[in-house]
Amino acid sequence: MKNLTLIILLFLFPLFSFPNLCLAEEKAADSVTDGQKIDLSQEKYRLLFRELSKDNIYTQSELATLFKGVKIKRKVLVLMDTQWEAKPYYEYRPRFITKSVIRKARKKLKKHKDILDRIELELGVNREIIIAIWGIESRFGKSRGGFNVFQTLNTLFDAYPRRSEFFRKQLIAFLILCKENNYNPLRIKGSYAGAFGQTQFIPSSFREYAVSFDGDTRRDVFGSTPDILASIANYLKSFHWTLDTPLYIDIGLQLKGEEVQKAHSTGRKALVDYKIIQKEQSISLPIPPENRPLTIIGLEIDPKKGGGKRYVAGYPNFQAITEWNHSNRYAMAVSELAEAIK
């Protein structure tokens with residue numbers, strides 16, 4: 001009877017009368033126009049200004065000048081919903097690992113040997129990983145993004161509801177770091193997600209992890225190679241990087257045990273004792289640093305090459321890379337680029 005009723009309704013009222021039945025979920029970019037002025041009278045902006053003027057970080061006059069006429073950048077919202085990390089690994093990997101990138105990375109490894117020697121000694125992070133991240137993030141400084149970071153962060157705070165609170169925090173961190181480092185907030189360019197510099201740090205990461213490694217006190221991720229490379233290393237060190245220990249181990253084309261399968265389906269935060277993986281996958285694994293547990297990653301194989309997935313166990317150093325970027329595909333691309341460089 002219910003099916004008959006639905007058929008009658010659809011006959012009387014075509015599908016276009018029921019938008020929730022036939023239209024995809026509205027994207028953030030669909031609700032704005034490019035160049036649309038942001039309404040600064042909103043309560044969320046009044047609260048933002050109150051926080052930024054607290055403790056005289058910014059005066060009300062400075063804020064009025066800075067935010068005057070700030071507008072939406074619609075392309076930022078479009079790109080946020082079409083990120084490369086959502087692509088299958090066989091499409092994602094070739095974007096970052098090419099013969100040209102590997103060749104350039106090896107030259108950088110040789111050119112900056114002395115700096116990397118110091119970093120490995122003082123910070124304990126492997127040089128190939130540092131160079132790989134530098135290459136993937138900004139093509140060794142050549143590609144830093146062309147979006148105005150101030151406009152980007154305002155766009156995401158105002159018009160990207162899903163992560164508005166996160167970008168509110170990034171906007172505050174950005175304006176504070178600009179004040180601390182005497183940067184003009186309106187002149188810094190970066191990515192569509194608000195990352196900037198050769199490290200492509202988001203503002204909160206810059207404030208927490210950027211370091212000076214060139215003998216002065218200024219943390220320069222724009223032009224100082226020692227600062228850039230050491231800042232990447234310092235980030236990974238902060239998430240318990242262990243020098244010269246495994247990144248990942250291949251564990252087969254099929255997951256055999258219930259606990260291993262559950263860890264894979266749960267995501268990057270689900271960890272498994274390496275002994276369980278050994279038993280369930282019938283393989284031998286290197287002992288992780290401090291016997292720490294491992295994560296299970298599935299990487300899509302090109303259908304032209306048989307399809308399915310290749311499964312790997314991610315060691316603590318792999319997990320540290322996923323703290324930089326939460327995508328397992330990103331961490332795998334970094335790991336495989338580092339292997340190719342070495």
# chains A, B, ... in the order shown; residues from 1 in each chain; ligands from 1
>>> residues_around(residues="Leu116 in chain A", least_positions_apart="2", cutoff="10 Å", atoms="only C-alpha atoms", output="PDB file with C-alpha atoms, in the first residue's frame")
ATOM      1  CA  LEU A 109      69.303  16.584  -0.504  1.00  0.00           C
ATOM      2  CA  LYS A 110      72.849  17.095  -1.749  1.00  0.00           C
ATOM      3  CA  LYS A 111      72.754  20.899  -1.752  1.00  0.00           C
ATOM      4  CA  HIS A 112      71.517  21.160   1.842  1.00  0.00           C
ATOM      5  CA  LYS A 113      73.529  18.272   3.280  1.00  0.00           C
ATOM      6  CA  ASP A 114      75.115  20.348   6.057  1.00  0.00           C
ATOM      7  CA  ARG A 118      72.502  19.251  11.848  1.00  0.00           C
ATOM      8  CA  ILE A 119      68.774  18.574  11.810  1.00  0.00           C
ATOM      9  CA  GLU A 120      69.221  14.813  12.072  1.00  0.00           C
ATOM     10  CA  LEU A 121      71.699  15.308  14.923  1.00  0.00           C
ATOM     11  CA  GLU A 122      69.686  17.891  16.882  1.00  0.00           C
ATOM     12  CA  LEU A 123      66.072  17.035  16.027  1.00  0.00           C
ATOM     13  CA  VAL A 125      64.239  13.387  11.906  1.00  0.00           C
ATOM     14  CA  ASN A 126      65.282  11.627   8.700  1.00  0.00           C
ATOM     15  CA  ARG A 127      66.404  13.938   5.909  1.00  0.00           C
ATOM     16  CA  GLU A 128      64.576  12.172   3.067  1.00  0.00           C
ATOM     17  CA  ILE A 130      61.922  16.381   5.342  1.00  0.00           C
ATOM     18  CA  ILE A 131      62.807  16.843   1.675  1.00  0.00           C
ATOM     19  CA  PRO A 226      67.390  26.245   7.438  1.00  0.00           C
ATOM     20  CA  LEU A 229      63.651  22.357   6.859  1.00  0.00           C
ATOM     21  CA  ALA A 230      64.031  22.512  10.636  1.00  0.00           C
ATOM     22  CA  ALA A 233      61.457  18.367  11.321  1.00  0.00           C
TER      23      ALA A 233
END
>>> closest_atom_pairs(of="range 19-87 of chain A", to="range 144-151 of chain A", cutoff="10 Å", atoms="only C-alpha atoms", output="JSON lines")
{"residue": "A:Leu66", "atom": "CA", "partner": "A:Phe150", "partner_atom": "CA", "distance": 9.4}
{"residue": "A:Phe67", "atom": "CA", "partner": "A:Phe150", "partner_atom": "CA", "distance": 9.2}
{"residue": "A:Val70", "atom": "CA", "partner": "A:Gln151", "partner_atom": "CA", "distance": 6.7}
{"residue": "A:Lys71", "atom": "CA", "partner": "A:Gln151", "partner_atom": "CA", "distance": 6.8}
{"residue": "A:Ile72", "atom": "CA", "partner": "A:Gln151", "partner_atom": "CA", "distance": 7.0}
{"residue": "A:Lys73", "atom": "CA", "partner": "A:Gln151", "partner_atom": "CA", "distance": 6.9}
{"residue": "A:Lys75", "atom": "CA", "partner": "A:Phe147", "partner_atom": "CA", "distance": 9.6}
{"residue": "A:Val76", "atom": "CA", "partner": "A:Phe147", "partner_atom": "CA", "distance": 8.3}
>>> closest_atom_pairs(of="range 124-186 of chain A", to="range 201-210 of chain A", cutoff="7 Å", atoms="only C-alpha atoms", output="Markdown table")
| residue | atom | partner | partner_atom | distance |
| --- | --- | --- | --- | --- |
| A:Gln170 | CA | A:Pro203 | CA | 5.6 |
| A:Ala173 | CA | A:Pro203 | CA | 5.5 |
| A:Phe174 | CA | A:Pro203 | CA | 4.9 |
| A:Leu177 | CA | A:Arg207 | CA | 6.7 |
>>> select_by_dssp(residues="range 23-218 of chain A", states="strand (DSSP E)", output="list in words")
Phe147, Asn148, Lys189 and Gly190 of chain A
>>> residues_around(residues="Ile176 in chain A", least_positions_apart="6", cutoff="12 Å", atoms="only C-alpha atoms", output="list in words")
Glu51, Leu52, Ser53, Lys54, Asp55, Asn56, Ile57, Tyr58, Lys169, Gln170, Asn182, Tyr183, Asn184, Pro185, Pro203, Ser204, Phe206 and Arg207 of chain A
>>> closest_residue(among="A:Ser282, A:Asn154, A:Thr242, A:Ser31", to="Leu255 in chain A", atoms="only C-alpha atoms")
A:Ser282
>>> select_by_dssp(residues="range 54-269 of chain A", states="helix (DSSP H, G or I)", output="number ranges by chain")
A: 54-56, 60-67, 74-80, 84-86, 89-96, 99-111, 113-123, 127-138, 149-159, 161-181, 203-209, 225-238, 258-266
